[in-house]
file target.pdb (PDB, C-alpha atoms)
ATOM      1  CA  MET A   8     101.201  83.549  82.834  1.00  0.00           C
ATOM      2  CA  ARG A   9     100.726  81.387  85.907  1.00  0.00           C
ATOM      3  CA  LEU A  10      99.606  83.332  88.933  1.00  0.00           C
ATOM      4  CA  SER A  11      97.445  82.814  91.994  1.00  0.00           C
ATOM      5  CA  VAL A  12      96.420  84.812  95.030  1.00  0.00           C
ATOM      6  CA  ASP A  13      96.227  83.262  98.486  1.00  0.00           C
ATOM      7  CA  PRO A  14      93.377  85.001 100.325  1.00  0.00           C
ATOM      8  CA  ASP A  15      94.683  83.667 103.665  1.00  0.00           C
ATOM      9  CA  SER A  16      98.155  85.137 103.201  1.00  0.00           C
ATOM     10  CA  ASP A  17      99.440  88.006 105.332  1.00  0.00           C
ATOM     11  CA  VAL A  18     100.716  89.559 102.078  1.00  0.00           C
ATOM     12  CA  ALA A  19      98.238  91.937 100.455  1.00  0.00           C
ATOM     13  CA  PRO A  20      96.645  90.585  97.252  1.00  0.00           C
ATOM     14  CA  PHE A  21      98.053  93.420  95.103  1.00  0.00           C
ATOM     15  CA  GLU A  22     101.545  92.617  96.398  1.00  0.00           C
ATOM     16  CA  GLN A  23     101.088  88.923  95.631  1.00  0.00           C
ATOM     17  CA  VAL A  24     100.130  89.867  92.068  1.00  0.00           C
ATOM     18  CA  ARG A  25     102.910  92.456  91.725  1.00  0.00           C
ATOM     19  CA  SER A  26     105.628  90.171  93.044  1.00  0.00           C
ATOM     20  CA  GLY A  27     104.326  87.195  91.070  1.00  0.00           C
ATOM     21  CA  ILE A  28     104.437  89.067  87.780  1.00  0.00           C
ATOM     22  CA  ALA A  29     107.775  90.700  88.608  1.00  0.00           C
ATOM     23  CA  GLY A  30     109.237  87.297  89.419  1.00  0.00           C
ATOM     24  CA  GLN A  31     108.056  85.866  86.115  1.00  0.00           C
ATOM     25  CA  ILE A  32     109.541  88.819  84.251  1.00  0.00           C
ATOM     26  CA  ASN A  33     112.844  88.501  86.081  1.00  0.00           C
ATOM     27  CA  ASP A  34     113.160  84.761  85.537  1.00  0.00           C
ATOM     28  CA  GLY A  35     112.268  85.035  81.851  1.00  0.00           C
ATOM     29  CA  ALA A  36     108.929  83.227  82.039  1.00  0.00           C
ATOM     30  CA  LEU A  37     107.370  86.481  80.785  1.00  0.00           C
ATOM     31  CA  PRO A  38     109.724  87.715  78.060  1.00  0.00           C
ATOM     32  CA  VAL A  39     110.079  91.275  76.834  1.00  0.00           C
ATOM     33  CA  GLY A  40     107.114  92.158  74.665  1.00  0.00           C
ATOM     34  CA  ALA A  41     104.766  89.575  76.174  1.00  0.00           C
ATOM     35  CA  LYS A  42     101.211  90.867  76.309  1.00  0.00           C
ATOM     36  CA  LEU A  43      99.599  90.794  79.750  1.00  0.00           C
ATOM     37  CA  PRO A  44      95.894  90.310  80.387  1.00  0.00           C
ATOM     38  CA  THR A  45      93.696  93.344  80.840  1.00  0.00           C
ATOM     39  CA  VAL A  46      93.136  94.512  84.395  1.00  0.00           C
ATOM     40  CA  ARG A  47      89.593  93.171  84.328  1.00  0.00           C
ATOM     41  CA  ALA A  48      90.615  89.814  82.879  1.00  0.00           C
ATOM     42  CA  LEU A  49      93.414  89.433  85.433  1.00  0.00           C
ATOM     43  CA  ALA A  50      91.065  90.356  88.280  1.00  0.00           C
ATOM     44  CA  ALA A  51      88.451  87.866  87.074  1.00  0.00           C
ATOM     45  CA  ASP A  52      91.022  85.081  86.646  1.00  0.00           C
ATOM     46  CA  LEU A  53      92.409  85.626  90.148  1.00  0.00           C
ATOM     47  CA  GLY A  54      89.128  86.374  91.901  1.00  0.00           C
ATOM     48  CA  ILE A  55      90.260  89.811  93.061  1.00  0.00           C
ATOM     49  CA  ALA A  56      88.894  93.324  92.631  1.00  0.00           C
ATOM     50  CA  ALA A  57      89.807  95.185  89.449  1.00  0.00           C
ATOM     51  CA  ASN A  58      91.269  97.992  91.601  1.00  0.00           C
ATOM     52  CA  THR A  59      93.627  95.462  93.196  1.00  0.00           C
ATOM     53  CA  ALA A  60      94.881  94.278  89.806  1.00  0.00           C
ATOM     54  CA  ALA A  61      95.171  97.878  88.616  1.00  0.00           C
ATOM     55  CA  LYS A  62      97.283  98.786  91.659  1.00  0.00           C
ATOM     56  CA  ALA A  63      99.651  95.888  90.942  1.00  0.00           C
ATOM     57  CA  TYR A  64      99.983  96.998  87.312  1.00  0.00           C
ATOM     58  CA  ARG A  65     100.647 100.611  88.393  1.00  0.00           C
ATOM     59  CA  GLU A  66     103.431  99.467  90.711  1.00  0.00           C
ATOM     60  CA  LEU A  67     104.957  97.307  87.964  1.00  0.00           C
ATOM     61  CA  GLU A  68     104.759 100.193  85.515  1.00  0.00           C
ATOM     62  CA  ARG A  69     106.359 102.552  88.025  1.00  0.00           C
ATOM     63  CA  ALA A  70     109.200 100.047  88.398  1.00  0.00           C
ATOM     64  CA  GLY A  71     109.650  99.973  84.629  1.00  0.00           C
ATOM     65  CA  LEU A  72     108.769  96.289  84.326  1.00  0.00           C
ATOM     66  CA  ILE A  73     105.655  96.764  82.211  1.00  0.00           C
ATOM     67  CA  GLU A  74     104.282  99.422  79.901  1.00  0.00           C
ATOM     68  CA  THR A  75     100.780 100.273  78.812  1.00  0.00           C
ATOM     69  CA  ARG A  76     100.305 101.121  75.150  1.00  0.00           C
ATOM     70  CA  GLY A  77      96.816 102.571  75.237  1.00  0.00           C
ATOM     71  CA  ARG A  78      94.211 100.381  73.559  1.00  0.00           C
ATOM     72  CA  ALA A  79      96.911  97.955  72.395  1.00  0.00           C
ATOM     73  CA  GLY A  80      97.265  96.693  75.952  1.00  0.00           C
ATOM     74  CA  THR A  81      99.905  96.122  78.588  1.00  0.00           C
ATOM     75  CA  PHE A  82     103.234  94.487  77.774  1.00  0.00           C
ATOM     76  CA  VAL A  83     106.463  93.451  79.477  1.00  0.00           C
ATOM     77  CA  ALA A  84     108.794  96.402  78.994  1.00  0.00           C
ATOM     78  CA  ALA A  85     112.264  96.158  77.513  1.00  0.00           C
ATOM     79  CA  THR A  86     113.651  97.553  80.764  1.00  0.00           C
ATOM     80  CA  GLY A  87     112.119  94.592  82.599  1.00  0.00           C
ATOM     81  CA  ASP A  88     114.987  92.298  81.714  1.00  0.00           C
ATOM     82  CA  ARG A  89     117.440  94.773  83.257  1.00  0.00           C
ATOM     83  CA  SER A  90     115.781  94.785  86.681  1.00  0.00           C
ATOM     84  CA  ARG A  91     117.925  91.946  88.069  1.00  0.00           C
ATOM     85  CA  ALA A  92     121.065  93.785  86.986  1.00  0.00           C
ATOM     86  CA  ARG A  93     119.812  96.977  88.647  1.00  0.00           C
ATOM     87  CA  ALA A  94     119.046  95.058  91.835  1.00  0.00           C
ATOM     88  CA  ALA A  95     122.518  93.471  91.794  1.00  0.00           C
ATOM     89  CA  GLU A  96     124.114  96.894  91.372  1.00  0.00           C
ATOM     90  CA  ALA A  97     122.071  98.269  94.277  1.00  0.00           C
ATOM     91  CA  ALA A  98     123.016  95.259  96.413  1.00  0.00           C
ATOM     92  CA  ALA A  99     126.703  95.763  95.664  1.00  0.00           C
ATOM     93  CA  ALA A 100     126.457  99.433  96.591  1.00  0.00           C
ATOM     94  CA  TYR A 101     124.674  98.529  99.829  1.00  0.00           C
ATOM     95  CA  ALA A 102     127.313  95.910 100.657  1.00  0.00           C
ATOM     96  CA  ARG A 103     130.063  98.524 100.195  1.00  0.00           C
ATOM     97  CA  THR A 104     128.189 100.985 102.417  1.00  0.00           C
ATOM     98  CA  ALA A 105     127.575  98.346 105.105  1.00  0.00           C
ATOM     99  CA  ARG A 106     131.278  97.416 105.132  1.00  0.00           C
ATOM    100  CA  ASP A 107     132.281 101.098 105.268  1.00  0.00           C
ATOM    101  CA  LEU A 108     129.988 101.537 108.287  1.00  0.00           C
ATOM    102  CA  GLY A 109     131.574  98.578 110.037  1.00  0.00           C
ATOM    103  CA  LEU A 110     128.481  96.373 109.958  1.00  0.00           C
ATOM    104  CA  ASP A 111     129.063  92.640 109.982  1.00  0.00           C
ATOM    105  CA  ARG A 112     127.295  90.318 107.541  1.00  0.00           C
ATOM    106  CA  ASP A 113     124.469  89.390 109.927  1.00  0.00           C
ATOM    107  CA  GLN A 114     123.736  93.014 110.793  1.00  0.00           C
ATOM    108  CA  ALA A 115     123.670  94.007 107.132  1.00  0.00           C
ATOM    109  CA  LEU A 116     121.362  91.111 106.253  1.00  0.00           C
ATOM    110  CA  ASP A 117     119.038  91.952 109.162  1.00  0.00           C
ATOM    111  CA  ILE A 118     118.667  95.475 107.756  1.00  0.00           C
ATOM    112  CA  VAL A 119     117.863  94.107 104.303  1.00  0.00           C
ATOM    113  CA  ARG A 120     115.314  91.650 105.704  1.00  0.00           C
ATOM    114  CA  ALA A 121     113.638  94.439 107.666  1.00  0.00           C
ATOM    115  CA  ALA A 122     113.502  96.633 104.563  1.00  0.00           C
ATOM    116  CA  LEU A 123     111.999  93.819 102.489  1.00  0.00           C
ATOM    117  CA  ASP A 124     109.342  93.198 105.135  1.00  0.00           C
ATOM    118  CA  THR A 125     108.043  96.771 105.009  1.00  0.00           C
TER     119      THR A 125
END

call {"tool": "encode", "arguments": {"input": "target.pdb", "output": "structure tokens"}}
result
Amino acid sequence: MRLSVDPDSDVAPFEQVRSGIAGQINDGALPVGAKLPTVRALAADLGIAANTAAKAYRELERAGLIETRGRAGTFVAATGDRSRARAAEAAAAYARTARDLGLDRDQALDIVRAALDT
């Protein structure tokens, strides 16, 4: 797993970790069943606090991208490879709603950008 945290970024370190791992899961670089480092090992590798790494893992687990199997460790979940499909379905539903509301493409995209920035 290749990951880094930019301490000068406006994006919180936990979000950099969360989005970095999620991106690697979604693009197949981290396949289903891949074992992830422990929270402490990840924190040490990235130079961040263990609580920061733990928060990223909690968010990924809540999203269904990873699963913790007790002492066995943390792994990429089988549902992880379905996340892009779920996002595409949600995007299609949003596009239908935006059209039904009479929003043009730029207005709809502005709303999405604003939502992604929060």

call {"tool": "closest_residue", "arguments": {"input": "target.pdb", "among": "A:Gln114, A:Thr81, A:Ser16, A:Gln23", "to": "A:Thr59", "atoms": "only C-alpha atoms"}}
result
A:Gln23

call {"tool": "resolve_selection", "arguments": {"input": "target.pdb", "expression": "the PyMOL selection byres ((chain A and resi 20) around 12)", "output": "list in words"}}
result
Leu10, Ser11, Val12, Asp13, Pro14, Asp15, Ser16, Asp17, Val18, Ala19, Phe21, Glu22, Gln23, Val24, Arg25, Ser26, Gly27, Ala50, Leu53, Gly54, Ile55, Ala56, Ala57, Asn58, Thr59, Ala60, Ala61, Lys62 and Ala63 of chain A

call {"tool": "write_last_selection", "arguments": {"input": "target.pdb", "atoms": "C-alpha atoms", "output": "compact mmCIF listing (two decimals), in the coordinates of the input"}}
result
# COMPACT_ATOMS: atom_id res chain seq x y z
CA LEU A 10 99.61 83.33 88.93
CA SER A 11 97.44 82.81 91.99
CA VAL A 12 96.42 84.81 95.03
CA ASP A 13 96.23 83.26 98.49
CA PRO A 14 93.38 85.00 100.32
CA ASP A 15 94.68 83.67 103.66
CA SER A 16 98.16 85.14 103.20
CA ASP A 17 99.44 88.01 105.33
CA VAL A 18 100.72 89.56 102.08
CA ALA A 19 98.24 91.94 100.46
CA PHE A 21 98.05 93.42 95.10
CA GLU A 22 101.54 92.62 96.40
CA GLN A 23 101.09 88.92 95.63
CA VAL A 24 100.13 89.87 92.07
CA ARG A 25 102.91 92.46 91.72
CA SER A 26 105.63 90.17 93.04
CA GLY A 27 104.33 87.20 91.07
CA ALA A 50 91.06 90.36 88.28
CA LEU A 53 92.41 85.63 90.15
CA GLY A 54 89.13 86.37 91.90
CA ILE A 55 90.26 89.81 93.06
CA ALA A 56 88.89 93.32 92.63
CA ALA A 57 89.81 95.18 89.45
CA ASN A 58 91.27 97.99 91.60
CA THR A 59 93.63 95.46 93.20
CA ALA A 60 94.88 94.28 89.81
CA ALA A 61 95.17 97.88 88.62
CA LYS A 62 97.28 98.79 91.66
CA ALA A 63 99.65 95.89 90.94

call {"tool": "resolve_selection", "arguments": {"input": "target.pdb", "expression": "the PyMOL selection byres ((chain A and resi 35-42) around 9)", "output": "count of residues only"}}
result
20

call {"tool": "residues_around", "arguments": {"input": "target.pdb", "residues": "stretch 102-104 of chain A", "least_positions_apart": "3", "cutoff": "12 Å", "atoms": "only C-alpha atoms", "output": "PDB file with C-alpha atoms, in the frame of the given file"}}
result
ATOM      1  CA  ALA A  95     122.518  93.471  91.794  1.00  0.00           C
ATOM      2  CA  GLU A  96     124.114  96.894  91.372  1.00  0.00           C
ATOM      3  CA  ALA A  97     122.071  98.269  94.277  1.00  0.00           C
ATOM      4  CA  ALA A  98     123.016  95.259  96.413  1.00  0.00           C
ATOM      5  CA  ALA A  99     126.703  95.763  95.664  1.00  0.00           C
ATOM      6  CA  ASP A 107     132.281 101.098 105.268  1.00  0.00           C
ATOM      7  CA  LEU A 108     129.988 101.537 108.287  1.00  0.00           C
ATOM      8  CA  GLY A 109     131.574  98.578 110.037  1.00  0.00           C
ATOM      9  CA  LEU A 110     128.481  96.373 109.958  1.00  0.00           C
ATOM     10  CA  ASP A 111     129.063  92.640 109.982  1.00  0.00           C
ATOM     11  CA  ARG A 112     127.295  90.318 107.541  1.00  0.00           C
ATOM     12  CA  ASP A 113     124.469  89.390 109.927  1.00  0.00           C
ATOM     13  CA  GLN A 114     123.736  93.014 110.793  1.00  0.00           C
ATOM     14  CA  ALA A 115     123.670  94.007 107.132  1.00  0.00           C
ATOM     15  CA  LEU A 116     121.362  91.111 106.253  1.00  0.00           C
ATOM     16  CA  ILE A 118     118.667  95.475 107.756  1.00  0.00           C
ATOM     17  CA  VAL A 119     117.863  94.107 104.303  1.00  0.00           C
TER      18      VAL A 119
END

call {"tool": "atom_distance", "arguments": {"input": "target.pdb", "atom1": "atom CA of A:Arg65", "atom2": "atom CA of A:Arg47"}}
result
13.9 Å

call {"tool": "build_atoms", "arguments": {"input": "target.pdb", "residues": "stretch 97-108 of chain A", "atoms": "all heavy atoms", "output": "tab-separated table (two decimals), keeping the file's coordinate frame"}}
result
chain	number	residue	atom	x	y	z
A	97	ALA	N	122.49	97.65	93.01
A	97	ALA	CA	122.07	98.27	94.28
A	97	ALA	C	122.57	97.45	95.46
A	97	ALA	O	123.02	98.01	96.48
A	97	ALA	CB	120.55	98.41	94.33
A	98	ALA	N	122.53	96.12	95.34
A	98	ALA	CA	123.02	95.26	96.41
A	98	ALA	C	124.51	95.44	96.63
A	98	ALA	O	124.98	95.49	97.77
A	98	ALA	CB	122.69	93.80	96.10
A	99	ALA	N	125.25	95.56	95.55
A	99	ALA	CA	126.70	95.76	95.66
A	99	ALA	C	127.01	97.10	96.33
A	99	ALA	O	127.90	97.18	97.18
A	99	ALA	CB	127.36	95.68	94.29
A	100	ALA	N	126.26	98.12	95.97
A	100	ALA	CA	126.46	99.43	96.59
A	100	ALA	C	126.13	99.37	98.07
A	100	ALA	O	126.84	99.93	98.91
A	100	ALA	CB	125.60	100.48	95.89
A	101	TYR	N	125.04	98.67	98.42
A	101	TYR	CA	124.67	98.53	99.83
A	101	TYR	C	125.76	97.76	100.59
A	101	TYR	O	126.13	98.15	101.70
A	101	TYR	CB	123.32	97.82	99.98
A	101	TYR	CG	123.02	97.50	101.42
A	101	TYR	CD1	122.70	98.51	102.31
A	101	TYR	CD2	123.12	96.20	101.90
A	101	TYR	CE1	122.46	98.24	103.65
A	101	TYR	CE2	122.88	95.92	103.23
A	101	TYR	CZ	122.56	96.93	104.11
A	101	TYR	OH	122.33	96.66	105.44
A	102	ALA	N	126.27	96.70	99.99
A	102	ALA	CA	127.31	95.91	100.66
A	102	ALA	C	128.54	96.77	100.94
A	102	ALA	O	129.13	96.69	102.03
A	102	ALA	CB	127.69	94.70	99.80
A	103	ARG	N	128.92	97.62	99.97
A	103	ARG	CA	130.06	98.52	100.20
A	103	ARG	C	129.76	99.48	101.35
A	103	ARG	O	130.61	99.70	102.22
A	103	ARG	CB	130.38	99.31	98.92
A	103	ARG	CG	131.11	98.51	97.86
A	103	ARG	CD	131.62	99.39	96.72
A	103	ARG	NE	130.54	100.11	96.03
A	103	ARG	CZ	129.80	99.61	95.05
A	103	ARG	NH1	130.02	98.38	94.62
A	103	ARG	NH2	128.86	100.33	94.48
A	104	THR	N	128.57	100.04	101.36
A	104	THR	CA	128.19	100.98	102.42
A	104	THR	C	128.19	100.29	103.78
A	104	THR	O	128.70	100.84	104.76
A	104	THR	CB	126.80	101.59	102.13
A	104	THR	OG1	126.84	102.28	100.88
A	104	THR	CG2	126.36	102.53	103.23
A	105	ALA	N	127.62	99.09	103.84
A	105	ALA	CA	127.58	98.35	105.10
A	105	ALA	C	128.99	98.07	105.62
A	105	ALA	O	129.26	98.23	106.82
A	105	ALA	CB	126.80	97.05	104.92
A	106	ARG	N	129.89	97.66	104.72
A	106	ARG	CA	131.28	97.42	105.13
A	106	ARG	C	131.93	98.70	105.62
A	106	ARG	O	132.63	98.71	106.64
A	106	ARG	CB	132.09	96.82	103.98
A	106	ARG	CG	131.90	95.33	103.81
A	106	ARG	CD	132.92	94.73	102.85
A	106	ARG	NE	132.82	95.29	101.50
A	106	ARG	CZ	132.02	94.81	100.55
A	106	ARG	NH1	131.28	93.77	100.78
A	106	ARG	NH2	131.99	95.37	99.36
A	107	ASP	N	131.70	99.81	104.88
A	107	ASP	CA	132.28	101.10	105.27
A	107	ASP	C	131.79	101.55	106.64
A	107	ASP	O	132.51	102.22	107.37
A	107	ASP	CB	131.96	102.18	104.24
A	107	ASP	CG	132.67	101.97	102.91
A	107	ASP	OD1	133.61	101.14	102.85
A	107	ASP	OD2	132.26	102.63	101.93
A	108	LEU	N	130.56	101.16	106.99
A	108	LEU	CA	129.99	101.54	108.29
A	108	LEU	C	130.39	100.58	109.40
A	108	LEU	O	130.03	100.78	110.56
A	108	LEU	CB	128.46	101.60	108.19
A	108	LEU	CG	127.90	102.70	107.30
A	108	LEU	CD1	126.40	102.53	107.11
A	108	LEU	CD2	128.23	104.07	107.87
